[in-house]
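*Asks:* Below is the file input11.txt, with compact mmCIF, C-alpha atoms.
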# COMPACT_ATOMS: atom_id res chain seq x y z
CA MET A 1 0.00 0.00 0.00
CA ASP A 2 1.26 3.45 -0.89
CA ALA A 3 1.59 4.86 2.63
CA GLU A 4 2.23 8.38 1.38
CA ARG A 5 -1.15 8.48 -0.30
CA PHE A 6 -2.96 7.82 2.99
CA ALA A 7 -0.59 9.61 5.36
CA ASN A 8 -2.59 12.86 5.54
CA SER A 9 -6.08 11.38 5.37
CA PRO A 10 -8.71 13.51 7.15
CA VAL A 11 -10.87 10.43 7.85
CA GLY A 12 -8.38 7.99 9.35
CA ARG A 13 -4.83 7.22 10.36
CA LEU A 14 -2.04 4.79 9.52
CA GLU A 15 -0.97 2.18 12.04
CA ARG A 16 2.26 0.21 11.94
CA ILE A 17 1.79 -3.55 11.49
CA ARG A 18 4.51 -6.19 11.88
CA ASN A 19 3.96 -9.92 11.51
CA THR A 20 4.52 -12.94 9.30
CA ASP A 21 2.47 -13.42 6.13
CA GLY A 22 0.72 -16.77 6.58
CA ARG A 23 0.67 -17.41 2.84
CA THR A 24 4.36 -16.84 2.11
CA GLY A 25 6.04 -17.18 5.49
CA ARG A 26 7.68 -13.78 4.90
CA GLU A 27 7.89 -11.22 7.65
CA TYR A 28 6.42 -7.81 6.89
CA ASP A 29 6.78 -4.38 8.44
CA HIS A 30 4.21 -2.07 6.91
CA VAL A 31 1.17 0.09 7.71
CA ALA A 32 -2.59 -0.40 7.77
CA PHE A 33 -5.33 2.22 7.41
CA VAL A 34 -7.67 2.68 10.38
CA PRO A 35 -10.77 4.76 9.54
CA ASP A 36 -12.10 7.23 12.09
CA PRO A 37 -15.59 6.63 13.50
CA LEU A 38 -18.40 7.97 11.33
CA ILE A 39 -19.70 11.43 12.17
CA GLU A 40 -22.69 13.38 10.94
CA GLU A 41 -23.36 14.02 7.25
CA PRO A 42 -20.42 15.79 5.60
CA ALA A 43 -20.81 19.03 3.67
CA LEU A 44 -21.96 18.08 0.18
CA SER A 45 -22.10 20.08 -3.04
CA GLY A 46 -25.31 21.12 -4.76
CA PRO A 47 -24.88 18.59 -7.59
CA THR A 48 -24.40 15.80 -5.07
CA TRP A 49 -27.51 16.73 -3.10
CA ARG A 50 -29.49 16.83 -6.37
CA THR A 51 -28.23 13.35 -7.21
CA VAL A 52 -29.17 12.16 -3.71
CA SER A 53 -32.63 13.65 -4.18
CA ARG A 54 -33.08 11.85 -7.51
CA ALA A 55 -32.02 8.60 -5.85
CA GLY A 56 -34.64 9.14 -3.16
CA HIS A 57 -37.34 9.73 -5.78
CA ALA A 58 -36.25 6.58 -7.64
CA LEU A 59 -36.52 4.56 -4.44
CA GLY A 60 -40.00 6.03 -3.99
CA ARG A 61 -40.95 4.84 -7.46
CA LEU A 62 -39.70 1.35 -6.64
CA LEU A 63 -41.64 1.45 -3.38
CA GLN A 64 -44.82 2.20 -5.32
CA ALA A 65 -44.07 -0.49 -7.90
CA GLY A 66 -43.74 -3.03 -5.13
CA ARG A 67 -47.10 -1.98 -3.69
CA GLN A 68 -48.79 -2.95 -6.97
CA VAL A 69 -48.02 -6.58 -6.31
CA PRO A 70 -50.52 -8.57 -4.21
CA GLN A 71 -47.71 -10.99 -3.31
CA PRO A 72 -44.40 -9.05 -3.14
CA GLY A 73 -42.61 -12.29 -2.35
CA LEU A 74 -43.11 -13.35 -5.96
CA LEU A 75 -40.85 -10.50 -7.11
CA ARG A 76 -38.48 -10.72 -4.17
CA ARG A 77 -37.31 -14.18 -5.24
CA PRO A 78 -36.00 -13.36 -8.76
CA THR A 79 -34.68 -9.95 -7.66
CA LEU A 80 -32.64 -11.57 -4.92
CA ARG A 81 -31.22 -14.18 -7.28
CA ARG A 82 -30.24 -11.54 -9.78
CA GLU A 83 -28.48 -9.61 -7.01
CA ALA A 84 -26.81 -12.78 -5.74
CA GLN A 85 -25.38 -13.57 -9.15
CA SER A 86 -24.08 -10.05 -9.74
CA THR A 87 -22.68 -9.33 -6.28
CA SER A 88 -20.74 -12.60 -6.48
CA ALA A 89 -19.47 -11.81 -9.98
CA LEU A 90 -18.22 -8.46 -8.71
CA GLU A 91 -15.96 -10.41 -6.35
CA GLY A 92 -14.77 -12.76 -9.11
CA THR A 93 -17.20 -15.65 -8.51
CA PHE A 94 -19.27 -16.18 -11.66
CA ALA A 95 -22.24 -18.46 -12.23
CA PRO A 96 -24.66 -17.86 -15.14
CA LEU A 97 -27.87 -16.18 -13.98
CA GLU A 98 -29.94 -18.83 -15.80
CA ASP A 99 -28.29 -21.50 -13.63
CA VAL A 100 -29.00 -19.48 -10.49
CA LEU A 101 -32.66 -19.11 -11.44
CA ALA A 102 -32.96 -22.81 -12.35
CA ALA A 103 -31.06 -24.16 -9.36
CA ASP A 104 -34.19 -25.26 -7.50
CA ALA A 105 -35.84 -26.81 -10.56
CA GLY A 106 -35.01 -30.47 -10.84
CA ASP A 107 -31.82 -32.26 -11.75
CA VAL A 108 -29.94 -29.72 -13.85
CA GLY A 109 -26.56 -31.29 -13.15
CA PRO A 110 -24.03 -31.01 -10.32
CA ARG A 111 -23.71 -27.60 -8.72
CA SER A 112 -20.44 -25.85 -9.35
CA ALA A 113 -18.44 -24.30 -6.54
CA GLU A 114 -19.41 -20.89 -7.96
CA LEU A 115 -23.11 -21.73 -7.94
CA ILE A 116 -22.88 -22.93 -4.34
CA GLU A 117 -21.39 -19.57 -3.31
CA VAL A 118 -24.12 -17.65 -5.14
CA LEU A 119 -26.88 -19.72 -3.54
CA ASN A 120 -25.24 -19.22 -0.14
CA TYR A 121 -25.75 -15.50 -0.69
CA VAL A 122 -29.45 -16.11 -1.38
CA ALA A 123 -29.81 -18.05 1.87
CA THR A 124 -27.84 -15.41 3.79
CA ALA A 125 -29.97 -12.57 2.45
CA GLU A 126 -33.21 -14.41 3.23
CA PHE A 127 -31.98 -14.91 6.79
CA ALA A 128 -31.10 -11.21 7.12
CA PHE A 129 -34.40 -10.01 5.64
CA GLY A 130 -36.30 -12.28 8.01
CA ALA A 131 -34.35 -11.00 10.99
CA LEU A 132 -35.06 -7.41 10.02
CA GLU A 133 -38.77 -8.15 9.58
CA ASP A 134 -38.67 -9.50 13.14
CA ARG A 135 -37.31 -6.08 14.18
CA ALA A 136 -33.81 -7.31 14.89
CA ARG A 137 -31.11 -4.64 15.04
CA LEU A 138 -28.07 -4.85 12.82
CA GLY A 139 -25.50 -5.96 15.35
CA VAL A 140 -22.12 -7.65 15.30
CA ASP A 141 -23.63 -11.05 16.16
CA MET A 142 -26.09 -10.81 13.27
CA VAL A 143 -23.44 -9.75 10.75
CA GLU A 144 -21.11 -12.51 11.96
CA ASP A 145 -23.96 -14.99 11.45
CA MET A 146 -24.46 -13.65 7.94
CA GLN A 147 -20.79 -14.13 7.08
CA GLY A 148 -20.80 -17.66 8.48
CA ARG A 149 -23.79 -18.60 6.34
CA LEU A 150 -22.11 -17.11 3.29
CA ALA A 151 -19.05 -19.30 3.84
CA ARG A 152 -20.84 -22.64 4.30
CA GLY A 153 -19.54 -25.42 2.09
CA THR A 154 -16.85 -23.22 0.52
CA PRO A 155 -13.09 -22.89 1.08
CA ALA A 156 -13.88 -19.89 3.30
CA GLU A 157 -15.57 -22.16 5.86
CA THR A 158 -12.64 -22.19 8.26
CA GLU A 159 -12.57 -21.89 12.02
CA GLN A 160 -12.71 -18.11 11.54
CA ALA A 161 -15.92 -18.21 9.52
CA GLY A 162 -18.72 -16.41 11.33
CA HIS A 163 -16.30 -14.31 13.38
CA VAL A 164 -14.62 -10.94 13.00
CA ARG A 165 -11.24 -11.77 11.50
CA ARG A 166 -8.24 -12.54 13.69
CA ILE A 167 -5.58 -12.15 11.00
CA GLN A 168 -4.32 -9.27 8.89
CA VAL A 169 -5.71 -9.10 5.37
CA ALA A 170 -4.89 -6.95 2.35
CA ILE A 171 -6.75 -5.99 -0.83
CA GLY A 172 -4.87 -6.31 -4.08
CA ASP A 173 -3.86 -8.70 -6.82
CA ALA A 174 -3.96 -12.42 -6.07
CA GLY A 175 -0.56 -13.58 -4.92
CA GLY A 176 0.54 -10.08 -3.98
CA SER A 177 2.07 -9.08 -0.66
CA ILE A 178 1.03 -6.75 2.12
CA GLU A 179 3.47 -4.16 0.77
CA THR A 180 2.11 -4.27 -2.80
CA ALA A 181 -1.59 -4.31 -1.87
CA ARG A 182 -3.81 -1.45 -3.01
CA TYR A 183 -5.29 -1.18 0.46
CA VAL A 184 -4.50 -2.66 3.86
CA PRO A 185 -7.44 -2.49 6.29
CA PRO A 186 -7.09 -2.22 10.08
CA PRO A 187 -5.28 -4.93 12.04
CA PRO A 188 -7.38 -7.52 13.90
CA GLY A 189 -8.19 -7.14 17.55
CA ALA A 190 -10.50 -5.42 19.98
CA GLU A 191 -10.37 -2.08 18.15
CA LEU A 192 -11.58 -3.65 14.91
CA GLU A 193 -14.50 -5.30 16.69
CA ARG A 194 -15.34 -2.06 18.45
CA SER A 195 -15.18 -0.13 15.17
CA LEU A 196 -17.60 -2.57 13.52
CA ARG A 197 -19.98 -2.23 16.45
CA ASP A 198 -19.77 1.56 16.29
CA MET A 199 -20.49 1.54 12.55
CA LEU A 200 -23.56 -0.67 13.01
CA ASP A 201 -24.82 1.46 15.90
CA TRP A 202 -24.39 4.54 13.70
CA ALA A 203 -26.43 2.88 10.94
CA ASN A 204 -29.14 1.77 13.38
CA GLU A 205 -29.51 5.32 14.68
CA SER A 206 -29.60 7.02 11.27
CA ARG A 207 -33.37 7.09 10.88
CA ARG A 208 -34.00 8.31 14.42
CA VAL A 209 -31.60 11.23 14.07
CA GLY A 210 -32.92 12.19 10.63
CA ARG A 211 -30.01 11.37 8.31
CA ASP A 212 -30.83 11.13 4.64
CA PRO A 213 -31.12 7.36 3.98
CA VAL A 214 -29.07 7.42 0.75
CA VAL A 215 -26.27 9.49 2.29
CA ALA A 216 -26.24 7.33 5.42
CA ALA A 217 -26.17 4.12 3.37
CA ALA A 218 -23.25 5.46 1.33
CA MET A 219 -21.27 6.39 4.43
CA ALA A 220 -22.00 3.11 6.23
CA HIS A 221 -21.01 1.13 3.13
CA TYR A 222 -17.70 2.96 2.90
CA GLN A 223 -17.01 2.35 6.58
CA PHE A 224 -17.76 -1.36 6.37
CA GLU A 225 -15.51 -1.84 3.34
CA ALA A 226 -12.75 0.25 4.92
CA LEU A 227 -12.87 -1.90 8.07
CA HIS A 228 -13.02 -5.13 6.02
CA PRO A 229 -13.96 -7.03 9.19
CA PHE A 230 -13.99 -10.58 7.79
CA ASN A 231 -11.54 -12.90 6.10
CA ASP A 232 -13.92 -13.35 3.18
CA GLY A 233 -17.22 -11.99 1.87
CA ASN A 234 -16.81 -8.34 2.86
CA GLY A 235 -17.98 -6.99 -0.51
CA ARG A 236 -21.06 -9.18 -0.66
CA ILE A 237 -21.99 -8.58 2.99
CA GLY A 238 -21.35 -4.85 2.55
CA ARG A 239 -23.70 -4.54 -0.43
CA LEU A 240 -26.34 -6.61 1.33
CA LEU A 241 -26.09 -4.20 4.27
CA VAL A 242 -26.94 -1.34 1.87
CA VAL A 243 -30.34 -2.91 1.12
CA LEU A 244 -30.88 -3.74 4.79
CA HIS A 245 -30.02 -0.16 5.75
CA LEU A 246 -32.49 1.28 3.22
CA MET A 247 -35.19 -1.06 4.53
CA GLN A 248 -34.42 -0.08 8.10
CA ALA A 249 -34.58 3.60 7.10
CA GLY A 250 -38.03 3.15 5.53
CA ALA A 251 -36.82 3.87 1.99
CA LEU A 252 -37.76 0.29 1.01
CA GLU A 253 -40.56 -1.89 2.32
CA ASP A 254 -39.52 -5.08 0.51
CA PRO A 255 -36.02 -6.06 -0.61
CA LEU A 256 -36.75 -5.54 -4.30
CA LEU A 257 -33.63 -3.46 -5.00
CA SER A 258 -30.73 -5.03 -6.88
CA ILE A 259 -27.69 -2.72 -6.70
CA SER A 260 -24.75 -4.89 -7.71
CA PRO A 261 -25.33 -5.02 -11.50
CA TRP A 262 -24.71 -1.26 -11.72
CA PHE A 263 -21.60 -1.42 -9.53
CA GLU A 264 -20.38 -4.54 -11.32
CA GLN A 265 -20.38 -2.66 -14.63
CA ARG A 266 -18.26 0.06 -12.96
CA ARG A 267 -16.10 -2.15 -10.78
CA ARG A 268 -12.87 -0.19 -11.06
CA ASP A 269 -14.55 3.17 -10.51
CA TYR A 270 -16.42 1.72 -7.53
CA GLN A 271 -13.19 0.50 -5.94
CA ASP A 272 -11.32 3.72 -6.73
CA ARG A 273 -14.04 5.91 -5.22
CA LEU A 274 -13.96 3.97 -1.98
CA LEU A 275 -10.18 4.27 -1.81
CA GLU A 276 -10.37 7.99 -2.51
CA VAL A 277 -12.47 8.55 0.61
CA SER A 278 -9.73 6.92 2.71
CA ALA A 279 -6.94 8.82 0.96
CA THR A 280 -8.45 12.31 0.70
CA GLY A 281 -11.78 12.33 2.54
CA ASP A 282 -13.70 12.84 -0.74
CA TRP A 283 -17.15 12.10 0.65
CA ASP A 284 -18.76 14.31 -1.97
CA GLY A 285 -17.46 12.31 -4.94
CA TRP A 286 -18.20 8.95 -3.33
CA ILE A 287 -21.73 9.86 -2.20
CA ARG A 288 -22.60 11.28 -5.63
CA PHE A 289 -21.31 8.11 -7.32
CA PHE A 290 -23.17 5.90 -4.84
CA ALA A 291 -26.40 7.90 -5.26
CA GLU A 292 -26.13 7.58 -9.05
CA GLY A 293 -25.94 3.83 -8.55
CA ILE A 294 -28.95 3.74 -6.23
CA GLU A 295 -30.99 5.88 -8.64
CA ALA A 296 -30.12 3.78 -11.69
CA SER A 297 -30.63 0.51 -9.79
CA ALA A 298 -34.00 1.55 -8.39
CA LEU A 299 -35.26 2.72 -11.80
CA ASP A 300 -33.99 -0.45 -13.44
CA THR A 301 -35.61 -2.67 -10.82
CA ALA A 302 -38.89 -0.74 -11.08
CA ALA A 303 -38.84 -1.17 -14.87
CA ARG A 304 -38.29 -4.92 -14.48
CA VAL A 305 -41.15 -5.10 -11.98
CA ASP A 306 -43.43 -3.27 -14.44
CA ARG A 307 -42.37 -5.58 -17.25
CA LEU A 308 -42.89 -8.73 -15.17
CA LEU A 309 -46.33 -7.58 -14.10
CA ARG A 310 -47.19 -6.95 -17.76
CA ILE A 311 -46.07 -10.46 -18.65
CA GLN A 312 -48.15 -11.85 -15.80
CA GLU A 313 -51.14 -9.92 -17.14
CA ASP A 314 -50.49 -11.29 -20.64
CA TYR A 315 -50.41 -14.80 -19.21
CA ALA A 316 -53.77 -14.21 -17.51
CA ASN A 317 -55.34 -12.88 -20.73
CA THR A 318 -54.05 -15.83 -22.74
CA LEU A 319 -55.40 -18.34 -20.23
CA ARG A 320 -58.75 -16.55 -20.11
CA GLU A 321 -59.06 -16.66 -23.89
CA ALA A 322 -58.11 -20.36 -23.86
CA GLY A 323 -60.61 -21.16 -21.11
CA ALA A 324 -57.87 -22.37 -18.77
CA SER A 325 -58.21 -21.86 -15.03
CA GLY A 326 -57.58 -23.53 -11.70
CA LEU A 327 -54.11 -24.97 -11.26
CA ILE A 328 -53.01 -23.79 -14.69
CA ARG A 329 -53.78 -20.21 -13.67
CA ASP A 330 -52.06 -20.61 -10.29
CA LEU A 331 -48.96 -22.02 -11.94
CA ALA A 332 -48.84 -19.23 -14.52
CA GLU A 333 -49.18 -16.56 -11.82
CA SER A 334 -46.16 -17.96 -9.99
CA LEU A 335 -43.85 -17.97 -13.01
CA ILE A 336 -42.45 -14.50 -12.29
CA ALA A 337 -40.97 -16.03 -9.13
CA PHE A 338 -40.33 -19.56 -10.42
CA PRO A 339 -39.48 -19.19 -14.12
CA TYR A 340 -38.03 -22.72 -14.26
CA VAL A 341 -40.51 -25.51 -13.65
CA ASP A 342 -39.82 -29.09 -12.62
CA VAL A 343 -43.06 -31.08 -12.35
CA SER A 344 -42.18 -33.00 -9.19
CA ARG A 345 -41.00 -30.00 -7.21
CA THR A 346 -43.80 -27.81 -8.53
CA ALA A 347 -46.37 -30.40 -7.45
CA ALA A 348 -44.96 -30.29 -3.93
CA ARG A 349 -44.85 -26.48 -3.93
CA LEU A 350 -48.47 -26.17 -5.11
CA ASN A 351 -49.68 -29.07 -2.93
CA SER A 352 -50.94 -30.96 -5.97
CA SER A 353 -50.35 -34.30 -7.66
CA TYR A 354 -47.72 -35.06 -10.27
CA PRO A 355 -50.27 -35.98 -13.02
CA THR A 356 -52.28 -32.80 -12.42
CA VAL A 357 -49.23 -30.54 -12.58
CA ASN A 358 -47.88 -32.45 -15.57
CA LYS A 359 -51.12 -31.75 -17.47
CA ALA A 360 -50.98 -28.07 -16.46
CA VAL A 361 -47.41 -27.78 -17.68
CA ALA A 362 -48.31 -29.47 -20.98
CA ARG A 363 -51.15 -26.98 -21.46
CA LEU A 364 -48.84 -24.03 -20.77
CA VAL A 365 -46.39 -25.41 -23.33
CA GLU A 366 -49.23 -25.57 -25.88
CA LEU A 367 -50.05 -21.94 -25.12
CA ARG A 368 -46.36 -20.99 -25.53
CA VAL A 369 -46.11 -19.75 -21.96
CA LEU A 370 -43.54 -22.45 -21.19
CA ARG A 371 -41.00 -24.25 -23.30
CA GLU A 372 -38.82 -27.23 -22.49
CA ARG A 373 -35.26 -26.40 -21.51
CA THR A 374 -33.63 -29.79 -21.04
CA GLY A 375 -34.83 -31.87 -23.97
CA ARG A 376 -34.77 -35.08 -21.88
CA SER A 377 -37.42 -37.75 -21.42
CA TYR A 378 -36.92 -37.67 -17.63
CA GLY A 379 -36.31 -34.95 -15.06
CA ARG A 380 -37.50 -32.38 -17.57
CA VAL A 381 -37.29 -28.67 -16.79
CA PHE A 382 -39.48 -26.05 -18.46
CA GLU A 383 -38.72 -22.37 -18.83
CA ALA A 384 -40.93 -19.27 -18.79
CA HIS A 385 -38.74 -17.69 -21.45
CA ALA A 386 -40.37 -14.25 -21.32
CA VAL A 387 -39.67 -13.95 -17.59
CA VAL A 388 -36.10 -15.18 -17.98
CA ALA A 389 -35.50 -12.66 -20.77
CA VAL A 390 -36.53 -9.78 -18.48
CA LEU A 391 -34.40 -11.01 -15.59
CA THR A 392 -31.28 -11.63 -17.67
CA ALA A 393 -31.45 -8.55 -19.92
CA ARG A 394 -28.75 -5.96 -19.32
CA ASP A 395 -31.22 -3.17 -20.09
CA VAL A 396 -34.98 -3.37 -19.89
CA ALA A 397 -37.07 -1.88 -22.68
CA PRO A 398 -40.55 -0.46 -21.94
CA PRO A 399 -43.16 -3.21 -21.72
CA GLY A 400 -44.94 -4.03 -24.94
CA ALA A 401 -47.74 -6.20 -26.19
CA GLY A 402 -47.15 -9.90 -26.69
CA ASP A 403 -44.13 -10.01 -24.40
CA PHE A 404 -44.08 -13.76 -24.02
CA ARG A 405 -44.74 -14.63 -27.63
Could you take the file, read its structure, and then write that structure out as structure tokens?
*Replies:*
Amino acid sequence: MDAERFANSPVGRLERIRNTDGRTGREYDHVAFVPDPLIEEPALSGPTWRTVSRAGHALGRLLQAGRQVPQPGLLRRPTLRREAQSTSALEGTFAPLEDVLAADAGDVGPRSAELIEVLNYVATAEFAFGALEDRARLGVDMVEDMQGRLARGTPAETEQAGHVRRIQVAIGDAGGSIETARYVPPPPGAELERSLRDMLDWANESRRVGRDPVVAAAMAHYQFEALHPFNDGNGRIGRLLVVLHLMQAGALEDPLLSISPWFEQRRRDYQDRLLEVSATGDWDGWIRFFAEGIEASALDTAARVDRLLRIQEDYANTLREAGASGLIRDLAESLIAFPYVDVSRTAARLNSSYPTVNKAVARLVELRVLRERTGRSYGRVFEAHAVVAVLTARDVAPPGAGDFR
């Protein structure tokens, strides 16, 4: 790490670190950056406040879009999987989104190590959302639990999984040293644990003291990434905390926001902006960048919600014209959440029999709502291709007629 760049930081200090690198066995004598505790909102420029305001309006639009849905959980499921795939890709773990969406639909082959990590994120996020709905506070124990769940069944599941790290880490190229890292976060120990607790307390208090939710989320996200409190999963946990913070602040009612695709497309800029806060205290540039991401992500998610609801409406019209109802209708309504259909698992989910669901699936294939994905005579999986197209598209066009045709 370039110590000179961080030596005069107005938001933290350098601390000497001496130890042995566990990977190489080499001794090091270097410095780590220790961020100061968060304070109140920094002075921001007019353009930044305007960007923050637009982000708030975009979140309001997403809030309203979510209220159109009788069962918000139907949209929560694909949104979360899209976020899981992208937030993992941002950290270098890639699994195709189609595989993530289809993971619960029948025998689609052995799960890759990458897919396991992505699905761990889904389970971790569902745990966190449930805890928040039960009015749990974001505390160290909860965040440690989240990190432990994220690590399950992966190489990161060591004795330190689920605990604030007890070793020094560095952020840089794989195989690099402490000295060549782009950033060296604080050393392990009581101060790191205390700093994480202080950051979470600050986030928990933000709504009560009247901080703007977008500004507070940006500041808390910087602080978490600067502390880098875990051996693994800091980026994914940090971006999940953004959504949790916005829910806690009342800016979101349901976790329908997917932020990582926007940041993934701007990975280098995202990393550079975070580093610039540590080096120069440039809160204004970071908060404006972050708010741009929240605005774009909220508008994109709202557009996908609108498009999915239009597809669901098209499905209903098609079934009405064909005289189809009952289980066929129920299955079609659920496709925005379960776009990949395996007859056996769908029968269990809908509390129906295999033959009945099989007939319903065959009818939906006839109506071109579903199409077969696997091409096998056994363990077949069917795809709601219109839904998948919306979820996997990089950009979402305005909804149009005949979306699923």
*Asks:* Skipping near chain neighbours, those fewer than 4 positions away, what residues fall within 8 Å of Ala128 (chain A) using all atoms listed in the file, listed as a PyMOL selection string?
*Replies:* chain A and resi 124+132+142+146+244
*Asks:* Extract, using all atoms listed in the file, all DNA, RNA and protein residues at most 12 Å from Pro10 (chain A), discarding same-chain residues fewer than 3 positions from it, and format them as a ChimeraX atom specification.
*Replies:* /A:5-7,13-14,33-38,276-283
*Asks:* What gap, in Å, lies between CA of Ser325 (chain A) and CA of Leu308 (chain A)?
*Replies:* 20.2 Å
*Asks:* Counting only C-alpha atoms, which residue out of A:Arg111, A:Arg363, A:Arg67, A:Arg394 sits closest to Leu309 (chain A)?
*Replies:* A:Arg67
*Asks:* Tell me which protein, DNA and RNA residues are within 10 Å of Ser334 (chain A), counting all atoms listed in the file, leaving out same-chain ones fewer than 4 positions away, and put them as number ranges by chain.
*Replies:* A: 71, 74-75, 312, 329-330, 338-339, 350
*Asks:* Counting only C-alpha atoms, write as a ChimeraX atom specification all protein and nucleic acid residues lying at most 9 Å from (-10.4, 1.5, 7.3) in the file's frame.
*Replies:* /A:11-13,32-36,183-186,222-228,278
*Asks:* I'd like the neighbourhood of Asp21 (chain A) as a PyMOL selection string, where a residue qualifies if any of its atoms comes within 12 Å (using all atoms listed in the file), though same-chain residues fewer than 2 positions away should be ignored.
*Replies:* chain A and resi 17-19+23-30+167-170+175-179
*Asks:* Just checking: using all atoms listed in the file, which residue out of A:Glu41, A:Gln85, A:Glu144, A:Trp202 ends up closest to Asp99 (chain A)?
*Replies:*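 Smallest distance to Asp99 (chain A) is found for A:Gln85.
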*Asks:* Return the single residue from A:Ala302, A:Ala105, A:Leu115, A:Val357 that is closest to Val341 (chain A), with distances computed using all atoms listed in the file.
*Replies:*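 Smallest distance to Val341 (chain A) is found for A:Ala105.
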*Asks:* Could you check which of A:Ala89, A:Ala362, A:Ala384, A:Val164 is closest to Glu193 (chain A), using all atoms listed in the file?
*Replies:*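 Answer, going by the shortest atom-to-atom distance: A:Val164.
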*Asks:* List every protein, DNA or RNA residue that has at least one atom no more than 12 Å from (-24.1, 3.5, 13.8) in the file's coordinates, counting all atoms listed in the file, and write the result as a PyMOL selection string.
*Replies:* chain A and resi 37-40+137-140+194-209+211+216-217+219-221+223-224+245
*Asks:* So the first atom is CA of Arg273 (chain A) and the second is CA of Ala291 (chain A); what is the distance between them in Å, to one decimal place?
*Replies:*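 Separation of CA of Arg273 (chain A) and CA of Ala291 (chain A): 12.5 Å.
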*Asks:* As an exercise, work out the distance from CA of Val361 (chain A) to CA of Val122 (chain A) in Å and give it to one decimal place.
*Replies:*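 Straight-line distance from CA of Val361 (chain A) to CA of Val122 (chain A) works out to 26.9 Å.
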*Asks:* Adding 4 Å on each side of the box along x, y and z that holds all listed atoms of region 238-255 of chain A, could you give its centre and edge lengths in Å to one decimal, as AutoDock Vina command-line options?
*Replies:*
--center_x -31.0 --center_y -1.4 --center_z 3.7 --size_x 27.2 --size_y 18.5 --size_z 16.7
*Asks:* Quick one: of A:Pro96, A:Gly130, A:Pro213, A:Gly148, who's nearest to Leu252 (chain A), counting all atoms listed in the file?
*Replies:* A:Pro213
*Asks:* Would you mind listing what lies within 12 Å of region 116-119 of chain A as JSON, numbers by chain, with only C-alpha atoms counted and same-chain residues fewer than 3 positions away left out?
*Replies:* {"A": [77, 80, 81, 82, 83, 84, 85, 86, 87, 88, 89, 90, 91, 92, 93, 94, 95, 96, 97, 99, 100, 101, 102, 103, 104, 110, 111, 112, 113, 122, 123, 124, 125, 126, 147, 148, 149, 150, 151, 152, 153, 154, 155, 156, 157, 232, 233, 236]}
*Asks:* Pull C-alpha atoms from the residues just selected and write them as a tab-separated table (two decimals), in the frame of the given file.
*Replies:*
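Saved result, again-v2.tsv, follows:
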chain	number	residue	atom	x	y	z
A	77	ARG	CA	-37.31	-14.18	-5.24
A	80	LEU	CA	-32.64	-11.57	-4.92
A	81	ARG	CA	-31.22	-14.18	-7.28
A	82	ARG	CA	-30.24	-11.54	-9.78
A	83	GLU	CA	-28.48	-9.61	-7.01
A	84	ALA	CA	-26.81	-12.78	-5.74
A	85	GLN	CA	-25.38	-13.57	-9.15
A	86	SER	CA	-24.08	-10.05	-9.74
A	87	THR	CA	-22.68	-9.33	-6.28
A	88	SER	CA	-20.74	-12.60	-6.48
A	89	ALA	CA	-19.47	-11.81	-9.98
A	90	LEU	CA	-18.22	-8.46	-8.71
A	91	GLU	CA	-15.96	-10.41	-6.35
A	92	GLY	CA	-14.77	-12.76	-9.11
A	93	THR	CA	-17.20	-15.65	-8.51
A	94	PHE	CA	-19.27	-16.18	-11.66
A	95	ALA	CA	-22.24	-18.46	-12.23
A	96	PRO	CA	-24.66	-17.86	-15.14
A	97	LEU	CA	-27.87	-16.18	-13.98
A	99	ASP	CA	-28.29	-21.50	-13.63
A	100	VAL	CA	-29.00	-19.48	-10.49
A	101	LEU	CA	-32.66	-19.11	-11.44
A	102	ALA	CA	-32.96	-22.81	-12.35
A	103	ALA	CA	-31.06	-24.16	-9.36
A	104	ASP	CA	-34.19	-25.26	-7.50
A	110	PRO	CA	-24.03	-31.01	-10.32
A	111	ARG	CA	-23.71	-27.60	-8.72
A	112	SER	CA	-20.44	-25.85	-9.35
A	113	ALA	CA	-18.44	-24.30	-6.54
A	122	VAL	CA	-29.45	-16.11	-1.38
A	123	ALA	CA	-29.81	-18.05	1.87
A	124	THR	CA	-27.84	-15.41	3.79
A	125	ALA	CA	-29.97	-12.57	2.45
A	126	GLU	CA	-33.21	-14.41	3.23
A	147	GLN	CA	-20.79	-14.13	7.08
A	148	GLY	CA	-20.80	-17.66	8.48
A	149	ARG	CA	-23.79	-18.60	6.34
A	150	LEU	CA	-22.11	-17.11	3.29
A	151	ALA	CA	-19.05	-19.30	3.84
A	152	ARG	CA	-20.84	-22.64	4.30
A	153	GLY	CA	-19.54	-25.42	2.09
A	154	THR	CA	-16.85	-23.22	0.52
A	155	PRO	CA	-13.09	-22.89	1.08
A	156	ALA	CA	-13.88	-19.89	3.30
A	157	GLU	CA	-15.57	-22.16	5.86
A	232	ASP	CA	-13.92	-13.35	3.18
A	233	GLY	CA	-17.22	-11.99	1.87
A	236	ARG	CA	-21.06	-9.18	-0.66
*Asks:* Let me make sure I understand: among A:Gly162, A:Pro255, A:Gly73, A:Pro261, which one has the smallest atom-to-atom distance to Thr392 (chain A) if we use only C-alpha atoms?
*Replies:*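 Ranked by minimum distance to Thr392 (chain A), first place goes to A:Pro261.
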